[in-house]
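Structure below is input.cif: mmCIF, C-alpha atoms.
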```cif
data_structure
loop_
_atom_site.group_PDB
_atom_site.id
_atom_site.type_symbol
_atom_site.label_atom_id
_atom_site.label_comp_id
_atom_site.auth_asym_id
_atom_site.auth_seq_id
_atom_site.Cartn_x
_atom_site.Cartn_y
_atom_site.Cartn_z
ATOM 1 C CA MET A 1 8.552 -9.987 16.429
ATOM 2 C CA TYR A 2 5.234 -10.955 17.947
ATOM 3 C CA LYS A 3 5.243 -14.324 16.246
ATOM 4 C CA PHE A 4 8.804 -14.713 17.527
ATOM 5 C CA ILE A 5 7.812 -14.009 21.152
ATOM 6 C CA PHE A 6 4.858 -16.318 20.728
ATOM 7 C CA ALA A 7 7.040 -19.034 19.218
ATOM 8 C CA SER A 8 9.679 -18.680 21.916
ATOM 9 C CA ILE A 9 7.111 -19.024 24.705
ATOM 10 C CA LEU A 10 5.771 -22.024 22.825
ATOM 11 C CA SER A 11 9.176 -23.617 22.427
ATOM 12 C CA ILE A 12 10.144 -23.088 26.065
ATOM 13 C CA LEU A 13 6.945 -24.839 27.009
ATOM 14 C CA PHE A 14 7.500 -27.730 24.669
ATOM 15 C CA SER A 15 11.078 -28.197 25.813
ATOM 16 C CA ILE A 16 9.953 -28.739 29.386
ATOM 17 C CA SER A 17 6.810 -30.498 28.135
ATOM 18 C CA LEU A 18 4.184 -28.997 30.397
ATOM 19 C CA PRO A 19 0.957 -29.148 28.454
ATOM 20 C CA ALA A 20 -1.904 -26.685 28.929
ATOM 21 C CA GLN A 21 0.190 -24.092 30.748
ATOM 22 C CA GLN A 22 -0.190 -21.734 27.872
ATOM 23 C CA TYR A 23 -3.438 -19.835 27.438
ATOM 24 C CA PHE A 24 -4.486 -18.173 24.237
ATOM 25 C CA THR A 25 -7.184 -16.062 22.631
ATOM 26 C CA ARG A 26 -7.895 -14.572 19.238
ATOM 27 C CA ASP A 27 -11.096 -12.975 20.539
ATOM 28 C CA ALA A 28 -9.792 -10.239 22.819
ATOM 29 C CA LEU A 29 -12.222 -7.330 22.840
ATOM 30 C CA VAL A 30 -10.239 -4.094 22.780
ATOM 31 C CA LYS A 31 -12.134 -0.821 23.061
ATOM 32 C CA PHE A 32 -10.929 2.702 23.203
ATOM 33 C CA ASP A 33 -12.585 5.987 23.940
ATOM 34 C CA ALA A 34 -10.826 9.184 22.915
ATOM 35 C CA THR A 35 -13.762 11.513 23.485
ATOM 36 C CA ALA A 36 -12.658 14.862 24.909
ATOM 37 C CA PRO A 37 -14.702 16.065 27.921
ATOM 38 C CA SER A 38 -16.206 18.905 25.860
ATOM 39 C CA SER A 39 -16.865 16.884 22.701
ATOM 40 C CA PRO A 40 -20.408 16.629 21.336
ATOM 41 C CA GLU A 41 -19.416 13.497 19.410
ATOM 42 C CA GLU A 42 -18.341 10.194 20.891
ATOM 43 C CA ILE A 43 -15.000 9.120 19.522
ATOM 44 C CA LYS A 44 -14.650 5.451 20.153
ATOM 45 C CA ALA A 45 -13.973 2.194 18.419
ATOM 46 C CA VAL A 46 -13.837 -1.516 19.015
ATOM 47 C CA ASN A 47 -11.597 -4.342 17.861
ATOM 48 C CA LYS A 48 -12.890 -7.873 18.449
ATOM 49 C CA SER A 49 -9.852 -9.747 17.212
ATOM 50 C CA GLY A 50 -7.020 -8.997 19.596
ATOM 51 C CA THR A 51 -4.705 -11.932 20.215
ATOM 52 C CA ALA A 52 -3.000 -12.839 23.456
ATOM 53 C CA VAL A 53 -0.891 -15.606 24.858
ATOM 54 C CA LEU A 54 -0.214 -16.063 28.565
ATOM 55 C CA ASP A 55 2.110 -18.572 30.155
ATOM 56 C CA ILE A 56 0.647 -19.247 33.605
ATOM 57 C CA THR A 57 3.884 -20.792 34.916
ATOM 58 C CA THR A 58 5.997 -17.674 34.302
ATOM 59 C CA GLY A 59 3.388 -14.925 33.892
ATOM 60 C CA ASP A 60 4.875 -13.959 30.530
ATOM 61 C CA MET A 61 2.385 -12.619 28.070
ATOM 62 C CA ALA A 62 2.104 -11.020 24.650
ATOM 63 C CA TRP A 63 -0.843 -9.113 23.196
ATOM 64 C CA LYS A 64 -1.456 -7.711 19.741
ATOM 65 C CA VAL A 65 -4.179 -5.847 17.837
ATOM 66 C CA LEU A 66 -4.314 -4.744 14.240
ATOM 67 C CA ILE A 67 -5.027 -1.005 14.023
ATOM 68 C CA LYS A 68 -6.975 -1.462 10.791
ATOM 69 C CA ASN A 69 -9.392 -3.776 12.565
ATOM 70 C CA PHE A 70 -10.785 -1.068 14.850
ATOM 71 C CA LEU A 71 -14.335 -0.375 13.729
ATOM 72 C CA PHE A 72 -15.903 3.047 14.268
ATOM 73 C CA GLU A 73 -19.519 4.029 13.936
ATOM 74 C CA LYS A 74 -18.546 6.779 11.520
ATOM 75 C CA SER A 75 -16.624 5.808 8.426
ATOM 76 C CA LEU A 76 -14.866 9.175 8.254
ATOM 77 C CA MET A 77 -13.556 8.850 11.824
ATOM 78 C CA GLN A 78 -12.179 5.423 10.983
ATOM 79 C CA GLU A 79 -10.428 6.888 7.955
ATOM 80 C CA HIS A 80 -8.881 9.744 9.939
ATOM 81 C CA PHE A 81 -7.894 7.411 12.756
ATOM 82 C CA ASN A 82 -5.984 5.167 10.342
ATOM 83 C CA GLU A 83 -4.521 7.797 8.055
ATOM 84 C CA ASN A 84 -3.862 10.853 10.215
ATOM 85 C CA TYR A 85 -3.510 9.689 13.794
ATOM 86 C CA MET A 86 -2.284 6.091 13.942
ATOM 87 C CA GLU A 87 -0.742 5.994 10.451
ATOM 88 C CA SER A 88 -1.696 2.342 10.278
ATOM 89 C CA GLY A 89 -0.101 1.911 6.852
ATOM 90 C CA LYS A 90 3.263 2.498 8.509
ATOM 91 C CA PHE A 91 2.457 1.127 11.968
ATOM 92 C CA PRO A 92 -0.050 -1.705 11.470
ATOM 93 C CA ASN A 93 -0.221 -3.005 15.065
ATOM 94 C CA ALA A 94 -0.223 -2.172 18.712
ATOM 95 C CA THR A 95 1.454 -4.690 20.986
ATOM 96 C CA PHE A 96 2.111 -5.300 24.638
ATOM 97 C CA SER A 97 4.692 -7.729 25.865
ATOM 98 C CA GLY A 98 5.482 -8.192 29.482
ATOM 99 C CA LYS A 99 4.503 -10.178 32.499
ATOM 100 C CA ILE A 100 2.230 -10.426 35.473
ATOM 101 C CA VAL A 101 4.308 -9.228 38.411
ATOM 102 C CA ASN A 102 2.232 -10.770 41.199
ATOM 103 C CA LEU A 103 1.621 -14.150 39.588
ATOM 104 C CA SER A 104 1.783 -15.940 42.954
ATOM 105 C CA ASP A 105 -1.428 -14.140 43.996
ATOM 106 C CA VAL A 106 -3.368 -16.066 41.357
ATOM 107 C CA ASN A 107 -4.462 -19.616 42.050
ATOM 108 C CA PHE A 108 -5.174 -21.005 38.602
ATOM 109 C CA LYS A 109 -6.628 -24.143 40.165
ATOM 110 C CA LYS A 110 -9.258 -22.307 42.175
ATOM 111 C CA ASP A 111 -12.199 -20.453 40.641
ATOM 112 C CA GLY A 112 -12.344 -16.799 41.542
ATOM 113 C CA GLU A 113 -11.372 -13.307 40.514
ATOM 114 C CA TYR A 114 -7.816 -12.216 41.205
ATOM 115 C CA LYS A 115 -6.284 -8.759 41.059
ATOM 116 C CA VAL A 116 -3.091 -8.600 39.050
ATOM 117 C CA ARG A 117 -0.537 -6.062 37.885
ATOM 118 C CA ALA A 118 1.112 -6.236 34.494
ATOM 119 C CA LYS A 119 4.428 -4.669 33.632
ATOM 120 C CA GLY A 120 5.998 -4.482 30.225
ATOM 121 C CA VAL A 121 6.358 -2.577 27.003
ATOM 122 C CA LEU A 122 3.450 -1.088 25.111
ATOM 123 C CA GLU A 123 4.202 -0.287 21.508
ATOM 124 C CA MET A 124 1.960 1.706 19.222
ATOM 125 C CA HIS A 125 2.429 4.232 16.461
ATOM 126 C CA GLY A 126 6.016 2.977 16.343
ATOM 127 C CA VAL A 127 6.806 4.178 19.881
ATOM 128 C CA LYS A 128 7.724 1.841 22.747
ATOM 129 C CA LYS A 129 6.974 2.785 26.362
ATOM 130 C CA ASP A 130 7.408 0.999 29.656
ATOM 131 C CA VAL A 131 4.018 0.664 31.270
ATOM 132 C CA GLU A 132 2.448 -0.874 34.308
ATOM 133 C CA PHE A 133 -1.256 -1.272 34.851
ATOM 134 C CA PRO A 134 -3.772 -3.179 36.943
ATOM 135 C CA GLY A 135 -6.170 -5.830 35.770
ATOM 136 C CA THR A 136 -8.150 -8.851 36.879
ATOM 137 C CA ILE A 137 -8.041 -12.514 36.003
ATOM 138 C CA LYS A 138 -11.187 -14.491 36.570
ATOM 139 C CA VAL A 139 -10.526 -18.198 36.751
ATOM 140 C CA SER A 140 -13.463 -20.449 35.995
ATOM 141 C CA GLY A 141 -12.596 -24.052 35.375
ATOM 142 C CA ASN A 142 -10.262 -24.203 32.440
ATOM 143 C CA THR A 143 -10.839 -20.676 31.151
ATOM 144 C CA LEU A 144 -9.539 -17.282 32.163
ATOM 145 C CA GLN A 145 -11.298 -13.976 31.668
ATOM 146 C CA VAL A 146 -8.662 -11.253 31.643
ATOM 147 C CA LYS A 147 -9.742 -7.636 31.997
ATOM 148 C CA THR A 148 -7.959 -4.333 32.242
ATOM 149 C CA ASN A 149 -8.653 -0.629 31.950
ATOM 150 C CA PHE A 150 -5.971 1.960 31.526
ATOM 151 C CA SER A 151 -5.282 5.296 29.888
ATOM 152 C CA VAL A 152 -2.532 6.386 27.571
ATOM 153 C CA ALA A 153 -1.515 9.884 26.580
ATOM 154 C CA CYS A 154 -1.456 10.425 22.802
ATOM 155 C CA ALA A 155 1.626 12.647 23.146
ATOM 156 C CA ASP A 156 3.616 9.780 24.744
ATOM 157 C CA TYR A 157 3.247 7.818 21.519
ATOM 158 C CA GLY A 158 3.903 10.676 19.129
ATOM 159 C CA ILE A 159 0.250 10.879 18.083
ATOM 160 C CA LYS A 160 -0.465 14.484 17.209
ATOM 161 C CA ILE A 161 -3.947 15.879 17.744
ATOM 162 C CA PRO A 162 -4.412 18.980 15.573
ATOM 163 C CA GLY A 163 -5.706 22.101 17.340
ATOM 164 C CA THR A 164 -8.843 22.138 15.196
ATOM 165 C CA VAL A 165 -10.135 18.907 16.739
ATOM 166 C CA SER A 166 -8.593 19.222 20.210
ATOM 167 C CA ASP A 167 -12.028 20.023 21.649
ATOM 168 C CA LYS A 168 -13.247 16.624 20.367
ATOM 169 C CA VAL A 169 -10.294 14.259 20.551
ATOM 170 C CA GLY A 170 -8.977 13.882 24.090
ATOM 171 C CA LYS A 171 -5.309 14.009 25.027
ATOM 172 C CA GLU A 172 -5.838 10.863 27.064
ATOM 173 C CA VAL A 173 -7.323 7.753 25.534
ATOM 174 C CA LYS A 174 -9.140 5.226 27.703
ATOM 175 C CA ILE A 175 -8.496 1.648 26.705
ATOM 176 C CA SER A 176 -10.361 -1.382 27.961
ATOM 177 C CA ILE A 177 -9.557 -5.005 27.252
ATOM 178 C CA ASP A 178 -11.741 -8.013 27.936
ATOM 179 C CA ALA A 179 -10.338 -11.326 26.796
ATOM 180 C CA PRO A 180 -11.399 -14.954 27.210
ATOM 181 C CA LEU A 181 -8.294 -17.153 27.330
ATOM 182 C CA ALA A 182 -8.336 -20.925 27.008
ATOM 183 C CA PRO A 183 -5.538 -23.511 26.989
ATOM 184 C CA LYS A 184 -3.768 -23.543 23.646
ATOM 185 C CA LYS A 185 -4.794 -26.611 21.715
ATOM 186 C CA MET B 1 -24.118 44.342 -5.912
ATOM 187 C CA LEU B 2 -23.725 43.774 -2.181
ATOM 188 C CA LYS B 3 -26.881 41.684 -2.227
ATOM 189 C CA LYS B 4 -25.422 39.498 -4.986
ATOM 190 C CA ILE B 5 -22.225 38.971 -3.034
ATOM 191 C CA ILE B 6 -24.161 38.022 0.080
ATOM 192 C CA ILE B 7 -26.292 35.569 -1.898
ATOM 193 C CA ALA B 8 -23.200 34.076 -3.507
ATOM 194 C CA LEU B 9 -21.478 33.749 -0.135
ATOM 195 C CA LEU B 10 -24.571 32.139 1.379
ATOM 196 C CA ALA B 11 -24.771 29.690 -1.512
ATOM 197 C CA VAL B 12 -21.112 28.742 -1.112
ATOM 198 C CA GLY B 13 -21.609 28.418 2.640
ATOM 199 C CA LEU B 14 -24.632 26.188 2.199
ATOM 200 C CA LEU B 15 -22.881 24.020 -0.361
ATOM 201 C CA GLY B 16 -19.834 23.712 1.901
ATOM 202 C CA GLY B 17 -22.058 22.823 4.829
ATOM 203 C CA ALA B 18 -23.904 20.220 2.767
ATOM 204 C CA ILE B 19 -20.644 18.642 1.577
ATOM 205 C CA GLY B 20 -19.266 18.679 5.125
ATOM 206 C CA TYR B 21 -22.433 17.086 6.469
ATOM 207 C CA TYR B 22 -22.365 14.448 3.750
ATOM 208 C CA LEU B 23 -18.703 13.613 4.404
ATOM 209 C CA TRP B 24 -19.200 13.507 8.158
ATOM 210 C CA ASN B 25 -22.058 11.047 7.754
ATOM 211 C CA LYS B 26 -20.511 9.167 4.876
ATOM 212 C CA PRO B 27 -21.675 5.590 5.283
ATOM 213 C CA HIS B 28 -19.315 2.655 5.627
ATOM 214 C CA MET B 29 -18.612 0.766 2.429
ATOM 215 C CA ASP B 30 -21.342 -1.701 1.470
ATOM 216 C CA VAL B 31 -19.307 -4.907 1.495
ATOM 217 C CA GLN B 32 -22.040 -6.942 -0.139
ATOM 218 C CA ALA B 33 -22.147 -4.612 -3.141
ATOM 219 C CA ALA B 34 -18.408 -3.912 -3.235
ATOM 220 C CA LYS B 35 -16.334 -5.199 -6.110
ATOM 221 C CA THR B 36 -14.108 -8.129 -5.164
ATOM 222 C CA ASP B 37 -10.458 -7.196 -5.673
ATOM 223 C CA VAL B 38 -9.012 -10.662 -5.143
ATOM 224 C CA SER B 39 -10.451 -14.181 -4.983
ATOM 225 C CA ILE B 40 -8.211 -16.644 -3.188
ATOM 226 C CA ALA B 41 -8.194 -19.913 -1.241
ATOM 227 C CA ALA B 42 -7.783 -19.504 2.544
ATOM 228 C CA GLU B 43 -4.691 -21.709 2.585
ATOM 229 C CA GLN B 44 -3.042 -19.692 -0.179
ATOM 230 C CA LEU B 45 -3.736 -16.348 1.540
ATOM 231 C CA PHE B 46 -2.370 -17.614 4.865
ATOM 232 C CA LYS B 47 0.761 -19.018 3.226
ATOM 233 C CA ALA B 48 1.408 -15.713 1.471
ATOM 234 C CA TYR B 49 1.392 -13.954 4.876
ATOM 235 C CA VAL B 50 3.551 -16.557 6.584
ATOM 236 C CA ALA B 51 6.105 -16.381 3.771
ATOM 237 C CA ASP B 52 6.402 -12.576 3.691
ATOM 238 C CA GLU B 53 4.080 -10.344 5.685
ATOM 239 C CA ASN B 54 5.196 -7.106 4.010
ATOM 240 C CA ALA B 55 4.829 -8.460 0.496
ATOM 241 C CA ALA B 56 1.424 -9.925 1.370
ATOM 242 C CA ASN B 57 0.296 -6.604 2.877
ATOM 243 C CA ALA B 58 1.349 -4.799 -0.294
ATOM 244 C CA GLN B 59 -0.854 -7.169 -2.245
ATOM 245 C CA TYR B 60 -3.853 -7.719 0.031
ATOM 246 C CA LEU B 61 -4.098 -5.114 2.814
ATOM 247 C CA GLU B 62 -7.372 -3.132 2.769
ATOM 248 C CA LYS B 63 -8.448 -4.980 -0.360
ATOM 249 C CA THR B 64 -11.881 -6.568 -0.639
ATOM 250 C CA ILE B 65 -11.041 -10.249 -0.701
ATOM 251 C CA ALA B 66 -13.222 -13.292 -1.366
ATOM 252 C CA VAL B 67 -11.758 -16.215 0.564
ATOM 253 C CA LYS B 68 -12.835 -19.782 0.016
ATOM 254 C CA GLY B 69 -12.094 -22.379 2.629
ATOM 255 C CA VAL B 70 -13.177 -25.104 5.020
ATOM 256 C CA ILE B 71 -14.452 -23.885 8.390
ATOM 257 C CA ARG B 72 -12.172 -24.920 11.251
ATOM 258 C CA GLU B 73 -13.927 -23.030 14.021
ATOM 259 C CA VAL B 74 -17.004 -20.857 14.558
ATOM 260 C CA ASP B 75 -16.740 -18.429 17.488
ATOM 261 C CA LYS B 76 -19.879 -16.770 18.758
ATOM 262 C CA ALA B 77 -19.300 -13.916 21.195
ATOM 263 C CA ALA B 78 -21.678 -12.903 23.978
ATOM 264 C CA ASP B 79 -22.771 -9.851 21.954
ATOM 265 C CA GLY B 80 -23.917 -12.091 19.095
ATOM 266 C CA SER B 81 -20.999 -11.369 16.793
ATOM 267 C CA VAL B 82 -19.725 -14.299 14.772
ATOM 268 C CA LYS B 83 -16.171 -15.091 13.751
ATOM 269 C CA ILE B 84 -15.176 -17.864 11.383
ATOM 270 C CA ILE B 85 -11.720 -19.406 11.243
ATOM 271 C CA PHE B 86 -10.725 -21.118 8.015
ATOM 272 C CA GLU B 87 -8.542 -24.213 8.055
ATOM 273 C CA THR B 88 -5.120 -23.750 6.472
ATOM 274 C CA GLY B 89 -3.283 -26.849 7.631
ATOM 275 C CA ASP B 90 -1.098 -24.754 9.985
ATOM 276 C CA ALA B 91 0.404 -26.891 12.771
ATOM 277 C CA ASP B 92 -0.236 -24.228 15.452
ATOM 278 C CA GLY B 93 -3.877 -23.934 14.439
ATOM 279 C CA PHE B 94 -3.739 -20.506 12.859
ATOM 280 C CA GLY B 95 -5.542 -19.636 9.676
ATOM 281 C CA VAL B 96 -7.757 -16.962 8.219
ATOM 282 C CA SER B 97 -10.028 -15.327 10.792
ATOM 283 C CA CYS B 98 -13.145 -13.626 9.430
ATOM 284 C CA GLU B 99 -15.370 -11.324 11.485
ATOM 285 C CA MET B 100 -18.889 -11.270 10.100
ATOM 286 C CA ASP B 101 -19.984 -7.709 9.277
ATOM 287 C CA PRO B 102 -21.981 -6.096 12.102
ATOM 288 C CA LEU B 103 -23.631 -3.706 9.615
ATOM 289 C CA THR B 104 -25.049 -6.372 7.270
ATOM 290 C CA LYS B 105 -28.201 -8.385 7.822
ATOM 291 C CA HIS B 106 -26.866 -11.870 7.108
ATOM 292 C CA LYS B 107 -28.919 -14.622 5.492
ATOM 293 C CA ARG B 108 -27.509 -16.998 8.077
ATOM 294 C CA THR B 109 -25.010 -17.044 10.910
ATOM 295 C CA ASP B 110 -25.316 -20.735 11.796
ATOM 296 C CA PHE B 111 -22.188 -22.037 10.118
ATOM 297 C CA GLN B 112 -20.931 -25.568 10.688
ATOM 298 C CA LYS B 113 -17.424 -26.819 11.230
ATOM 299 C CA GLY B 114 -16.189 -28.597 8.091
ATOM 300 C CA GLU B 115 -18.397 -26.634 5.699
ATOM 301 C CA THR B 116 -16.780 -25.157 2.597
ATOM 302 C CA ILE B 117 -17.868 -21.545 2.120
ATOM 303 C CA THR B 118 -16.706 -18.305 0.547
ATOM 304 C CA LEU B 119 -16.585 -15.114 2.584
ATOM 305 C CA LYS B 120 -15.920 -11.652 1.275
ATOM 306 C CA GLY B 121 -14.372 -9.053 3.572
ATOM 307 C CA ILE B 122 -11.676 -6.443 4.002
ATOM 308 C CA CYS B 123 -8.160 -7.622 4.765
ATOM 309 C CA ALA B 124 -6.954 -6.019 8.029
ATOM 310 C CA GLY B 125 -3.548 -7.693 8.142
ATOM 311 C CA PHE B 126 -1.714 -10.465 9.974
ATOM 312 C CA ASN B 127 -2.096 -11.168 13.682
ATOM 313 C CA LEU B 128 -1.186 -14.859 14.015
ATOM 314 C CA ASP B 129 -4.196 -15.365 11.753
ATOM 315 C CA VAL B 130 -4.802 -13.337 8.620
ATOM 316 C CA GLN B 131 -7.701 -11.143 9.745
ATOM 317 C CA LEU B 132 -10.610 -10.123 7.546
ATOM 318 C CA SER B 133 -13.120 -7.609 8.859
ATOM 319 C CA ARG B 134 -16.724 -6.947 7.814
ATOM 320 C CA CYS B 135 -17.271 -10.305 6.100
ATOM 321 C CA VAL B 136 -20.357 -11.429 4.204
ATOM 322 C CA GLU B 137 -21.090 -14.852 2.750
ATOM 323 C CA VAL B 138 -20.835 -15.109 -1.012
ATOM 324 C CA ASN B 139 -22.932 -17.650 -2.870
ATOM 325 C CA GLN B 140 -20.819 -19.504 -5.357
ATOM 326 C CA ASN B 141 -22.431 -21.116 -8.335
#
```
As structure tokens, how would this structure be written, given the file I've shared?
Amino acid sequence: MYKFIFASILSILFSISLPAQQYFTRDALVKFDATAPSSPEEIKAVNKSGTAVLDITTGDMAWKVLIKNFLFEKSLMQEHFNENYMESGKFPNATFSGKIVNLSDVNFKKDGEYKVRAKGVLEMHGVKKDVEFPGTIKVSGNTLQVKTNFSVACADYGIKIPGTVSDKVGKEVKISIDAPLAPKK
Amino acid sequence: MLKKIIIALLAVGLLGGAIGYYLWNKPHMDVQAAKTDVSIAAEQLFKAYVADENAANAQYLEKTIAVKGVIREVDKAADGSVKIIFETGDADGFGVSCEMDPLTKHKRTDFQKGETITLKGICAGFNLDVQLSRCVEVNQN
């Protein structure tokens, strides 16, 4: 599906032959922190290989991370995260597809940091939800640094936190994304 | 008798605690020392995923894979982490993306475009590129 969205954005672009309107990264840094307020242990992980494609003429974008590529400090946490919580064997990725709703506020020709809002569908653990969250796009020359911070509730995505660890694993998970996008070669 | 029971219970408790502590602090797999499950050319691995992601996952996902290929791109992030993309001949520029292991002290991280090398890592799946995590360089003789 992701490859399909990616390919369709690509083909639309090629059909109207506007080069360099499509920005891409395979180096999106995606972090999450699921530490409960009372937890003595930090429960967090990082994925350095998120992919994203953004069409700056329409604001359409698609993001994807592989769940198995989240690295934890503790091996056991990583195991539990994959097997018990995210069930990454069954649901290998998390994706977002949607668009920037205030695209006209961003001047891609002028360096600076612009506030944006994204709206679309976040899918993880096999559950799709409509979401909207704020972010920033920093334009410098030919590159874009896209950042966002948002929270998701585990329950919204059918991720069950057993009572025995509910003092450690929070009900809300903070997610931060920091991605350098460059024109697709 | 009671004393014996208490001692036995304490011993079980201690053992349980020790096992729990060991599990909790269980180290990550040592990729360098790990047995290679599959040795494959980058192009071949990528093509397997493009042809059928599910079948390729059944064969390669979470396996320790040694991938040989020509370096297309070396990405160095601000935090010092290194990612190597292997050439696969894909028209859109996708290939096999290998994150060097943050837990290993690497002999070198100064890879050059065009070099042929073999990297061993854990297959994390398909995200435009085939992604390998925790890679180390393997010396081929």
Selection result for the PyMOL selection byres ((chain A) within 9 of (chain B)) on this file, as a short mmCIF file (atom, residue, chain, number, x, y, z; two decimals) with C-alpha atoms, in the coordinates of the input:
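Now in expr_14.cif:
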```
data_model
loop_
_atom_site.label_atom_id
_atom_site.label_comp_id
_atom_site.auth_asym_id
_atom_site.auth_seq_id
_atom_site.Cartn_x
_atom_site.Cartn_y
_atom_site.Cartn_z
CA TYR A 2 5.23 -10.96 17.95
CA LYS A 3 5.24 -14.32 16.25
CA ARG A 26 -7.90 -14.57 19.24
CA ASP A 27 -11.10 -12.98 20.54
CA LYS A 48 -12.89 -7.87 18.45
CA SER A 49 -9.85 -9.75 17.21
CA GLY A 50 -7.02 -9.00 19.60
CA THR A 51 -4.70 -11.93 20.22
CA LYS A 64 -1.46 -7.71 19.74
CA VAL A 65 -4.18 -5.85 17.84
CA LEU A 66 -4.31 -4.74 14.24
CA ILE A 67 -5.03 -1.00 14.02
CA LYS A 68 -6.98 -1.46 10.79
CA ASN A 69 -9.39 -3.78 12.56
CA LEU A 71 -14.34 -0.38 13.73
CA GLU A 73 -19.52 4.03 13.94
CA LYS A 74 -18.55 6.78 11.52
CA SER A 75 -16.62 5.81 8.43
CA LEU A 76 -14.87 9.18 8.25
CA MET A 77 -13.56 8.85 11.82
CA PRO A 92 -0.05 -1.70 11.47
CA ASN A 93 -0.22 -3.00 15.06
CA LYS A 184 -3.77 -23.54 23.65
CA LYS A 185 -4.79 -26.61 21.72
#
```
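Closest to Glu42 of chain A among A:Tyr23, A:Phe72, A:Leu122, A:Asp156 is A:Phe72, based on all atoms listed in the file.
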Skip Thr116 of chain B itself and residues of its chain fewer than 2 positions away, then list as a tab-separated table (two decimals) with C-alpha atoms, in the coordinates of the input all residues within 8 Å of it, counting only C-alpha atoms.
```tsv
chain	number	residue	atom	x	y	z
B	68	LYS	CA	-12.84	-19.78	0.02
B	69	GLY	CA	-12.09	-22.38	2.63
B	70	VAL	CA	-13.18	-25.10	5.02
B	71	ILE	CA	-14.45	-23.88	8.39
B	114	GLY	CA	-16.19	-28.60	8.09
B	118	THR	CA	-16.71	-18.30	0.55
```
* To do: Name the residues that the PyMOL selection byres ((chain B and resi 73) around 7) picks from the file above, as a list in words, using the file's chain letters and numbers.
  =>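 When the PyMOL selection byres ((chain B and resi 73) around 7) is applied, the selected residues are Ile71, Arg72, Val74, Asp75, Ile84, Ile85 and Lys113 of chain B.
Between atom CA of Gly158 of chain A and atom CA of Val116 of chain A lies a distance of 28.6 Å.
Non-sequential neighbours of Thr136 of chain A (distance at most 10 Å, separation of 4 or more positions within a chain, only C-alpha atoms) are Val106, Glu113, Tyr114, Lys115, Val116, Arg117, Ala118, Leu144, Gln145, Val146, Lys147, Thr148, Asn149 and Asp178 of chain A.
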* Asked: Between A:Ala45, A:Ala34, A:Met61, A:Ala182, which one has atoms that come closest to Thr143 of chain A, using all atoms listed in the file?
  -> A:Ala182
Taking all listed atoms of segment 117-130 of chain B, build the axis-aligned box, pad each of the six sides by 3 Å, then write its centre and edge lengths in Å to one decimal as AutoDock Vina command-line options.
```
--center_x -9.5 --center_y -13.8 --center_z 7.3 --size_x 22.7 --size_y 21.5 --size_z 19.5
```
* Please provide the set of residues having any atom within 7 Å of Leu54 of chain A, restricted to all atoms listed in the file, with same-chain residues fewer than 4 positions apart removed, written as a list of chain:residue names. => A:Gln22, A:Tyr23, A:Phe24, A:Gly59, A:Asp60, A:Met61, A:Ala62
Identify the residues around (-13.8, 23.0, 21.8) within a radius of 7 Å, measuring from all atoms listed in the file in the coordinates stated by the file, and give them as a short mmCIF file (atom, residue, chain, number, x, y, z; two decimals) with C-alpha atoms, keeping the file's coordinate frame.
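Generated file (result_6.cif):
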```
data_model
loop_
_atom_site.label_atom_id
_atom_site.label_comp_id
_atom_site.auth_asym_id
_atom_site.auth_seq_id
_atom_site.Cartn_x
_atom_site.Cartn_y
_atom_site.Cartn_z
CA SER A 38 -16.21 18.90 25.86
CA SER A 39 -16.86 16.88 22.70
CA SER A 166 -8.59 19.22 20.21
CA ASP A 167 -12.03 20.02 21.65
CA LYS A 168 -13.25 16.62 20.37
#
```
Explicit residue set for the PyMOL selection byres ((chain B and resi 38-47) around 9), as a PDB file with C-alpha atoms, in the coordinates of the input:
```pdb
ATOM      1  CA  THR B  36     -14.108  -8.129  -5.164  1.00  0.00           C
ATOM      2  CA  ASP B  37     -10.458  -7.196  -5.673  1.00  0.00           C
ATOM      3  CA  ALA B  48       1.408 -15.713   1.471  1.00  0.00           C
ATOM      4  CA  TYR B  49       1.392 -13.954   4.876  1.00  0.00           C
ATOM      5  CA  VAL B  50       3.551 -16.557   6.584  1.00  0.00           C
ATOM      6  CA  ALA B  51       6.105 -16.381   3.771  1.00  0.00           C
ATOM      7  CA  ASP B  52       6.402 -12.576   3.691  1.00  0.00           C
ATOM      8  CA  ALA B  56       1.424  -9.925   1.370  1.00  0.00           C
ATOM      9  CA  TYR B  60      -3.853  -7.719   0.031  1.00  0.00           C
ATOM     10  CA  LYS B  63      -8.448  -4.980  -0.360  1.00  0.00           C
ATOM     11  CA  THR B  64     -11.881  -6.568  -0.639  1.00  0.00           C
ATOM     12  CA  ILE B  65     -11.041 -10.249  -0.701  1.00  0.00           C
ATOM     13  CA  ALA B  66     -13.222 -13.292  -1.366  1.00  0.00           C
ATOM     14  CA  VAL B  67     -11.758 -16.215   0.564  1.00  0.00           C
ATOM     15  CA  LYS B  68     -12.835 -19.782   0.016  1.00  0.00           C
ATOM     16  CA  GLY B  69     -12.094 -22.379   2.629  1.00  0.00           C
ATOM     17  CA  VAL B  70     -13.177 -25.104   5.020  1.00  0.00           C
ATOM     18  CA  PHE B  86     -10.725 -21.118   8.015  1.00  0.00           C
ATOM     19  CA  GLU B  87      -8.542 -24.213   8.055  1.00  0.00           C
ATOM     20  CA  THR B  88      -5.120 -23.750   6.472  1.00  0.00           C
ATOM     21  CA  GLY B  89      -3.283 -26.849   7.631  1.00  0.00           C
ATOM     22  CA  ASP B  90      -1.098 -24.754   9.985  1.00  0.00           C
ATOM     23  CA  PHE B  94      -3.739 -20.506  12.859  1.00  0.00           C
ATOM     24  CA  GLY B  95      -5.542 -19.636   9.676  1.00  0.00           C
ATOM     25  CA  VAL B  96      -7.757 -16.962   8.219  1.00  0.00           C
ATOM     26  CA  THR B 118     -16.706 -18.305   0.547  1.00  0.00           C
ATOM     27  CA  LYS B 120     -15.920 -11.652   1.275  1.00  0.00           C
ATOM     28  CA  PHE B 126      -1.714 -10.465   9.974  1.00  0.00           C
ATOM     29  CA  ASP B 129      -4.196 -15.365  11.753  1.00  0.00           C
ATOM     30  CA  VAL B 130      -4.802 -13.337   8.620  1.00  0.00           C
TER      31      VAL B 130
END
```
